[in-house]
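Participant: Shown below is the structure under consideration.
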Amino acid sequence: TRKPSLEYLNRIGATGGKIPLGLKRKGLRVVVTGGAGFVGSHLVDRLMARGDTVIVVDNFFTGRKENVMHHFSNPNFELIRHDVVEPILLEVDQIYHLACPASPVHYKFNPVKTIKTNVVGTLNMLGLAKRVGARFLLTSTSEVYGDPLQHPQVETYWGNVNPIGVRSCYDEGKRTAETLTMDYHRGANVEVRIARIFNTYGPRMCIDDGRVVSNFVAQALRKEPLTVYGDGKQTRSFQFVSDLVEGLMRLMEGEHVGPFNLGNPGEFTMLELAKVVQETIDPNANIEFRPNTEDDPHKRKPDITKAKELLGWEPKVSLRQGLPLMVKDFRQRVFGDQKEGSS
Ligand code: NAD
Ligand code: UDP
Ligand code: UDP
């Protein structure tokens, strides 16, 4: 495979300063597609703080300018309204490819568009990486395991995915994106990294994106009943966003292609999650059962042995620690919105 250039190694600090090429670590030029979204905007904050030049490419389908507005006056920051389904020319060192709606409600809204984003969008970003010799990181998903028959999920598990279901635009789309990533790696020597992200929550999530943590928190704050789908015994493992961003950056700077599971192994049923939300916000919040959605995975929990060993990474923030940080942000936005509406 292609060896990273000395200049590149020096820029990311991987030479430990032993190579006298520029005494100070220069900032990288980094593209973050989907950088105006929930995870992307937190990643942008970290990259900007590190002194990188950051270009956000986003079509604002689920992202918001408000998430990155605090960087507008910084000359190292650039925001481009662009749909990754169309080609784009940029000169950069690294590409964090996040562009894709992540909430089931959003990705099912226009499934064909979701597939185009995952397939054509990823192809374009890989073409860009190939042209300029940039390192490319794909944010794949635990959904590539489908309704898993192995528990917890290890990276070597190939998954149990319905190819013709309502979630397929997303999980098959991401599986194809992983395939493209490996084919550009093997065929065109592009330096690639693959993260399989498990359910992540935190400040800046869309309030009404339909995901379970954002739904429960917004419902509890609004004094509405928490909507538990199905019997509420299905499980998920919830990771706080700062842990994910740390994992993504370690993966990008490290030597290993992956795929790597990035998630918090703490597993909760939806009823247990509802209980934690009640304890955190409102012990009197009611629970209302609703019919579940089609093809809902019964359980999901990452095996993170590989990331621990090869990236030296593991999550630090438990659900009970992370939830209050998200609630603070949601409280401001839920009640701030009302003030805006009445003024
Ligand atoms: P998000 O919806 O908040 O962010 C996605 C961003 O991509 C938004 O800013 C959106 O406007 C942008 N976007 C969507 N389609 C685009 C297109 N065609 N062109 C340009 N921009 C486009 O979601 P998120 O939670 O921040 O997820 C970020 C990435 O992480 C996604 O790729 C998602 O699949 C992956 N992921 C997230 C989770 C999670 O729990 N949050 C779990 C697994 C994987
Ligand atoms: N691409 C892009 N920006 C670039 C280079 C390529 O958007 O800087 C797009 C290009 O338009 C193509 C895709 O990436 O649709 C794949 O590019 P590649 O060069 O791998 O394939 P080819 O253009 O030869 O089909
Ligand atoms: N869910 C729920 N109530 C809600 C929203 C979701 O009980 O208001 C359930 C959903 O059926 C699924 C789990 O919570 O079993 C996680 O759903 P989410 O959409 O957050 O993410 P997924 O992991 O399915 O992509």
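Residue numbering restarts at 1 in every chain; chains get A, B, ... in the order shown in the structure tokens, and ligands count up from 1 in that same order.
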Would you please give, as a ChimeraX atom specification, all residues of range 98-341 of chain A that DSSP assigns to alpha helix (DSSP H) based on the backbone?

Facilitator: /A:104-109,111-116,122-132,168-188,212-221,241-253,270-280,305-311,319-341

Participant: Take the residues from that selection and put them in a file with C-alpha atoms, as a short mmCIF file (atom, residue, chain, number, x, y, z; two decimals), in the first residue's frame.

Facilitator:
data_model
loop_
_atom_site.label_atom_id
_atom_site.label_comp_id
_atom_site.auth_asym_id
_atom_site.auth_seq_id
_atom_site.Cartn_x
_atom_site.Cartn_y
_atom_site.Cartn_z
CA PRO A 104 -34.44 6.25 10.86
CA VAL A 105 -37.17 8.89 10.43
CA HIS A 106 -34.85 11.02 8.28
CA TYR A 107 -33.23 8.27 6.24
CA LYS A 108 -36.59 6.65 5.42
CA PHE A 109 -38.04 10.04 4.36
CA PRO A 111 -34.90 6.30 0.70
CA VAL A 112 -33.58 6.66 -2.85
CA LYS A 113 -31.83 9.87 -1.85
CA THR A 114 -30.33 8.04 1.14
CA ILE A 115 -28.91 5.37 -1.17
CA LYS A 116 -27.52 8.01 -3.55
CA THR A 122 -19.10 8.09 -0.90
CA LEU A 123 -17.80 7.38 -4.43
CA ASN A 124 -17.24 11.11 -5.00
CA MET A 125 -15.38 11.56 -1.72
CA LEU A 126 -13.22 8.52 -2.49
CA GLY A 127 -12.54 9.92 -5.97
CA LEU A 128 -11.48 13.16 -4.29
CA ALA A 129 -9.26 11.29 -1.82
CA LYS A 130 -7.63 9.43 -4.71
CA ARG A 131 -7.01 12.59 -6.72
CA VAL A 132 -5.36 14.59 -3.94
CA SER A 168 -32.20 -1.20 3.63
CA CYS A 169 -31.55 2.20 2.03
CA TYR A 170 -29.44 2.97 5.08
CA ASP A 171 -27.90 -0.34 6.13
CA GLU A 172 -27.30 -1.70 2.63
CA GLY A 173 -26.21 1.81 1.59
CA LYS A 174 -23.58 1.84 4.32
CA ARG A 175 -22.52 -1.71 3.50
CA THR A 176 -21.94 -0.61 -0.10
CA ALA A 177 -20.07 2.45 1.16
CA GLU A 178 -17.77 0.12 3.13
CA THR A 179 -17.26 -2.00 0.00
CA LEU A 180 -16.38 1.06 -2.08
CA THR A 181 -13.98 2.22 0.61
CA MET A 182 -12.12 -1.11 0.62
CA ASP A 183 -12.09 -1.25 -3.19
CA TYR A 184 -10.50 2.21 -3.43
CA HIS A 185 -8.03 1.10 -0.78
CA ARG A 186 -7.08 -2.11 -2.58
CA GLY A 187 -7.43 -0.83 -6.13
CA ALA A 188 -6.21 2.75 -5.94
CA VAL A 212 -35.12 7.29 20.98
CA VAL A 213 -32.87 9.39 23.23
CA SER A 214 -33.88 12.70 21.64
CA ASN A 215 -37.55 11.66 21.70
CA PHE A 216 -37.55 10.65 25.38
CA VAL A 217 -35.62 13.75 26.50
CA ALA A 218 -37.80 16.16 24.51
CA GLN A 219 -40.97 14.37 25.67
CA ALA A 220 -39.97 14.45 29.34
CA LEU A 221 -39.10 18.16 29.11
CA VAL A 241 -20.76 12.13 21.48
CA SER A 242 -17.40 13.25 22.94
CA ASP A 243 -16.32 9.61 23.26
CA LEU A 244 -17.19 8.99 19.62
CA VAL A 245 -15.28 12.06 18.40
CA GLU A 246 -12.20 10.93 20.33
CA GLY A 247 -12.49 7.50 18.71
CA LEU A 248 -12.91 8.92 15.21
CA MET A 249 -9.81 11.12 15.58
CA ARG A 250 -7.70 8.28 16.98
CA LEU A 251 -8.81 6.08 14.12
CA MET A 252 -7.95 8.75 11.52
CA GLU A 253 -4.50 9.41 13.00
CA MET A 270 -35.82 0.91 25.95
CA LEU A 271 -37.76 0.58 29.20
CA GLU A 272 -34.51 0.91 31.17
CA LEU A 273 -33.60 3.97 29.10
CA ALA A 274 -37.02 5.47 29.86
CA LYS A 275 -36.30 4.92 33.55
CA VAL A 276 -32.94 6.73 33.35
CA VAL A 277 -34.66 9.63 31.56
CA GLN A 278 -37.34 9.72 34.28
CA GLU A 279 -34.66 9.79 36.99
CA THR A 280 -32.78 12.56 35.19
CA THR A 305 -11.88 -5.24 22.10
CA LYS A 306 -10.32 -4.31 18.75
CA ALA A 307 -10.57 -0.54 19.31
CA LYS A 308 -9.24 -0.92 22.84
CA GLU A 309 -6.22 -2.90 21.69
CA LEU A 310 -5.32 -1.14 18.46
CA LEU A 311 -6.52 2.43 19.05
CA LEU A 319 -25.34 7.12 30.12
CA ARG A 320 -26.09 8.52 33.58
CA GLN A 321 -23.21 11.00 33.23
CA GLY A 322 -23.87 11.98 29.63
CA LEU A 323 -27.62 12.37 29.70
CA PRO A 324 -27.67 15.48 31.95
CA LEU A 325 -25.25 17.22 29.52
CA MET A 326 -27.68 16.61 26.69
CA VAL A 327 -30.68 17.62 28.79
CA LYS A 328 -29.09 21.00 29.52
CA ASP A 329 -28.80 21.71 25.77
CA PHE A 330 -32.30 20.39 25.01
CA ARG A 331 -33.82 22.44 27.84
CA GLN A 332 -32.38 25.62 26.33
CA ARG A 333 -33.54 24.75 22.83
CA VAL A 334 -36.99 23.41 23.73
CA PHE A 335 -37.86 26.39 25.92
CA GLY A 336 -35.78 28.88 23.89
CA ASP A 337 -37.87 27.93 20.82
CA GLN A 338 -41.06 28.82 22.65
CA LYS A 339 -39.69 32.24 23.55
CA GLU A 340 -38.71 32.84 19.93
CA GLY A 341 -42.20 31.79 18.84
#

Participant: Return as number ranges by chain every polymer residue, whether protein, DNA or RNA, with at least one atom no more than 8 Å from an atom of ligand 1; count only C-alpha atoms and all ligand atoms.

Facilitator: A: 33-41, 57-64, 81-85, 97-103, 106, 113-114, 116-118, 121, 138-143, 170, 174, 196-201, 205-206, 239

Participant: Now that the selection is made, can you save its residues with N, CA and C atoms as a compact mmCIF listing (two decimals), in the first residue's frame?

Facilitator:
# COMPACT_ATOMS: atom_id res chain seq x y z
N THR A 33 -17.51 16.14 5.71
CA THR A 33 -18.82 16.15 5.06
C THR A 33 -19.86 15.85 6.13
N GLY A 34 -20.99 16.54 6.06
CA GLY A 34 -21.98 16.39 7.13
C GLY A 34 -21.55 17.10 8.40
N GLY A 35 -20.64 18.06 8.27
CA GLY A 35 -20.06 18.74 9.43
C GLY A 35 -20.99 19.70 10.13
N ALA A 36 -22.16 19.98 9.53
CA ALA A 36 -23.13 20.84 10.20
C ALA A 36 -24.14 20.00 10.99
N GLY A 37 -23.95 18.69 10.99
CA GLY A 37 -24.86 17.81 11.71
C GLY A 37 -24.44 17.62 13.16
N PHE A 38 -25.08 16.68 13.80
CA PHE A 38 -24.86 16.42 15.23
C PHE A 38 -23.41 15.98 15.49
N VAL A 39 -23.00 14.84 15.00
CA VAL A 39 -21.64 14.34 15.28
C VAL A 39 -20.61 15.25 14.61
N GLY A 40 -20.87 15.60 13.34
CA GLY A 40 -19.92 16.38 12.57
C GLY A 40 -19.53 17.68 13.25
N SER A 41 -20.50 18.38 13.82
CA SER A 41 -20.19 19.68 14.41
C SER A 41 -19.31 19.54 15.65
N VAL A 57 -18.63 20.50 4.37
CA VAL A 57 -19.47 20.35 3.18
C VAL A 57 -20.78 19.75 3.65
N ASP A 58 -21.88 20.47 3.45
CA ASP A 58 -23.16 20.00 3.99
C ASP A 58 -24.31 20.55 3.15
N ASN A 59 -25.34 19.73 2.94
CA ASN A 59 -26.51 20.23 2.19
C ASN A 59 -27.65 20.65 3.12
N PHE A 60 -27.41 20.62 4.42
CA PHE A 60 -28.37 21.06 5.44
C PHE A 60 -29.67 20.27 5.44
N PHE A 61 -29.62 19.01 5.00
CA PHE A 61 -30.84 18.19 5.08
C PHE A 61 -31.23 18.00 6.55
N THR A 62 -30.28 17.54 7.35
CA THR A 62 -30.56 17.41 8.79
C THR A 62 -29.59 18.25 9.62
N GLY A 63 -28.65 18.89 8.98
CA GLY A 63 -27.70 19.74 9.70
C GLY A 63 -28.20 21.17 9.80
N ARG A 64 -27.56 21.94 10.65
CA ARG A 64 -27.99 23.33 10.86
C ARG A 64 -26.77 24.24 10.96
N ARG A 81 -22.22 24.99 1.16
CA ARG A 81 -23.49 24.29 0.94
C ARG A 81 -23.34 23.45 -0.32
N HIS A 82 -23.29 22.16 -0.14
CA HIS A 82 -23.03 21.28 -1.28
C HIS A 82 -23.59 19.90 -0.98
N ASP A 83 -24.14 19.26 -2.00
CA ASP A 83 -24.66 17.90 -1.88
C ASP A 83 -23.59 16.94 -2.37
N VAL A 84 -23.16 16.00 -1.52
CA VAL A 84 -22.05 15.12 -1.88
C VAL A 84 -22.38 14.19 -3.05
N VAL A 85 -23.66 14.12 -3.42
CA VAL A 85 -24.03 13.33 -4.59
C VAL A 85 -23.44 13.96 -5.87
N HIS A 97 -15.82 11.54 6.27
CA HIS A 97 -17.04 11.48 5.47
C HIS A 97 -18.23 11.05 6.33
N LEU A 98 -19.00 12.05 6.76
CA LEU A 98 -20.14 11.80 7.64
C LEU A 98 -21.48 12.04 6.96
N ALA A 99 -21.47 12.70 5.80
CA ALA A 99 -22.73 13.14 5.21
C ALA A 99 -23.67 11.96 4.97
N CYS A 100 -24.78 11.97 5.65
CA CYS A 100 -25.84 10.96 5.52
C CYS A 100 -26.77 11.13 6.71
N PRO A 101 -28.08 11.20 6.46
CA PRO A 101 -28.98 11.27 7.62
C PRO A 101 -28.84 10.00 8.46
N ALA A 102 -28.88 10.13 9.80
CA ALA A 102 -28.63 8.99 10.67
C ALA A 102 -29.89 8.49 11.37
N SER A 103 -30.87 9.36 11.55
CA SER A 103 -32.08 8.92 12.24
C SER A 103 -32.98 8.15 11.27
N HIS A 106 -35.43 10.21 9.36
CA HIS A 106 -34.85 11.02 8.28
C HIS A 106 -34.39 10.17 7.11
N LYS A 113 -32.84 8.84 -2.12
CA LYS A 113 -31.83 9.87 -1.85
C LYS A 113 -30.79 9.36 -0.84
N THR A 114 -31.25 8.60 0.15
CA THR A 114 -30.33 8.04 1.14
C THR A 114 -29.33 7.10 0.46
N LYS A 116 -28.42 7.19 -2.72
CA LYS A 116 -27.52 8.01 -3.55
C LYS A 116 -26.44 8.64 -2.69
N THR A 117 -26.85 9.16 -1.54
CA THR A 117 -25.88 9.80 -0.64
C THR A 117 -24.82 8.81 -0.21
N ASN A 118 -25.25 7.61 0.16
CA ASN A 118 -24.29 6.61 0.64
C ASN A 118 -23.41 6.07 -0.47
N GLY A 121 -22.39 9.57 -3.14
CA GLY A 121 -21.68 10.53 -2.28
C GLY A 121 -20.34 9.96 -1.81
N LEU A 138 -14.56 6.74 6.66
CA LEU A 138 -15.99 6.52 6.49
C LEU A 138 -16.66 6.31 7.85
N THR A 139 -17.75 7.03 8.10
CA THR A 139 -18.54 6.74 9.30
C THR A 139 -19.64 5.77 8.91
N SER A 140 -19.33 4.49 9.07
CA SER A 140 -20.34 3.46 8.86
C SER A 140 -21.12 3.29 10.15
N THR A 141 -21.85 2.22 10.26
CA THR A 141 -22.82 2.11 11.34
C THR A 141 -22.95 0.68 11.85
N SER A 142 -23.40 0.56 13.07
CA SER A 142 -23.72 -0.75 13.64
C SER A 142 -24.87 -1.40 12.87
N GLU A 143 -25.61 -0.59 12.09
CA GLU A 143 -26.72 -1.17 11.33
C GLU A 143 -26.24 -2.13 10.24
N TYR A 170 -30.51 2.53 4.17
CA TYR A 170 -29.44 2.97 5.08
C TYR A 170 -28.44 1.85 5.32
N LYS A 174 -24.85 1.76 3.58
CA LYS A 174 -23.58 1.84 4.32
C LYS A 174 -22.70 0.62 4.03
N ARG A 196 -17.46 1.80 12.58
CA ARG A 196 -18.86 1.37 12.69
C ARG A 196 -19.40 1.94 13.99
N ILE A 197 -20.21 2.96 13.84
CA ILE A 197 -20.67 3.73 15.00
C ILE A 197 -21.96 3.14 15.55
N PHE A 198 -21.99 2.98 16.86
CA PHE A 198 -23.21 2.54 17.56
C PHE A 198 -23.94 3.77 18.09
N ASN A 199 -25.22 3.59 18.45
CA ASN A 199 -26.11 4.71 18.83
C ASN A 199 -25.40 5.76 19.69
N THR A 200 -25.43 6.98 19.23
CA THR A 200 -24.72 8.08 19.88
C THR A 200 -25.71 9.20 20.20
N TYR A 201 -25.51 9.85 21.36
CA TYR A 201 -26.42 10.92 21.77
C TYR A 201 -25.59 12.07 22.33
N MET A 205 -28.24 17.22 19.01
CA MET A 205 -29.08 16.31 18.22
C MET A 205 -30.32 17.08 17.80
N CYS A 206 -30.86 16.74 16.64
CA CYS A 206 -32.13 17.36 16.24
C CYS A 206 -33.17 16.99 17.29
N GLN A 239 -23.78 5.77 23.39
CA GLN A 239 -22.45 6.38 23.51
C GLN A 239 -22.58 7.90 23.51

Participant: CA of Arg167 in chain A and CA of Ile207 in chain A, how far apart in Å?

Facilitator: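 Taking CA of Ile207 in chain A as the start and CA of Arg167 in chain A as the end point, the length is 21.4 Å.
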
Participant: Taking only C-alpha atoms and all ligand atoms into account, name the residue in A:Asp303, A:Asp52, A:Glu86, A:Glu294 that is nearest to ligand 2.

Facilitator: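 For ligand 2, the nearest of the given residues is A:Glu86.
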
Participant: Using only C-alpha atoms and all ligand atoms, which of the listed residues (A:Gly51, A:Val68, A:Gly27, A:Val92) sits closest to ligand 2?

Facilitator: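 Result for the nearest residue to ligand 2: A:Val92.
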
Participant: Determine the nearest neighbour of Ala134 in chain A from the options A:Asn189, A:Asn76, A:Ser237, A:Thr269, counting only C-alpha atoms.

Facilitator: A:Asn189

Participant: Rounded to one decimal in Å, what is the spacing between CA of Val161 in chain A and CA of Ile95 in chain A?

Facilitator: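 Calculated distance between CA of Val161 in chain A and CA of Ile95 in chain A is 27.9 Å.
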
Participant: Contacts of Glu267 in chain A at 8 Å or less, counting only C-alpha atoms, minus same-chain residues fewer than 3 places along, as a list of chain:residue names?

Facilitator: A:Thr235, A:Arg236, A:Ser237, A:Phe238, A:Asn264, A:Arg300, A:Lys301

Participant: Mind checking DSSP for range 79-191 of chain A and telling me the strand (DSSP E) residues as a list in words?

Facilitator: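 Filtering range 79-191 of chain A down to strand (DSSP E) leaves Leu79, Ile80, Arg81, Gln94, Ile95, Tyr96, His97, Arg135, Phe136, Leu137, Leu138, Thr139, Ser140 and Thr141 of chain A.
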
Participant: May I have the selected residues written with C-alpha atoms, as an mmCIF file, in the first residue's frame?

Facilitator:
data_model
loop_
_atom_site.group_PDB
_atom_site.id
_atom_site.type_symbol
_atom_site.label_atom_id
_atom_site.label_comp_id
_atom_site.auth_asym_id
_atom_site.auth_seq_id
_atom_site.Cartn_x
_atom_site.Cartn_y
_atom_site.Cartn_z
ATOM 1 C CA LEU A 79 -18.744 26.227 5.212
ATOM 2 C CA ILE A 80 -19.860 25.061 1.759
ATOM 3 C CA ARG A 81 -23.490 24.286 0.938
ATOM 4 C CA GLN A 94 -7.966 14.337 5.353
ATOM 5 C CA ILE A 95 -11.614 13.627 4.628
ATOM 6 C CA TYR A 96 -14.029 12.729 7.411
ATOM 7 C CA HIS A 97 -17.040 11.484 5.467
ATOM 8 C CA ARG A 135 -6.731 10.032 3.944
ATOM 9 C CA PHE A 136 -10.420 9.073 3.961
ATOM 10 C CA LEU A 137 -12.532 8.035 6.961
ATOM 11 C CA LEU A 138 -15.994 6.516 6.494
ATOM 12 C CA THR A 139 -18.535 6.745 9.299
ATOM 13 C CA SER A 140 -20.339 3.462 8.856
ATOM 14 C CA THR A 141 -22.818 2.110 11.341
#

Participant: By how many Å are CA of Phe240 in chain A and CA of Glu224 in chain A apart?

Facilitator: 24.2 Å

Participant: Nearest to ligand 2: which of A:Val190, A:Thr53, A:Leu43, A:Gly254 is it, counting only C-alpha atoms and all ligand atoms?

Facilitator: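 Result for the nearest residue to ligand 2: A:Val190.
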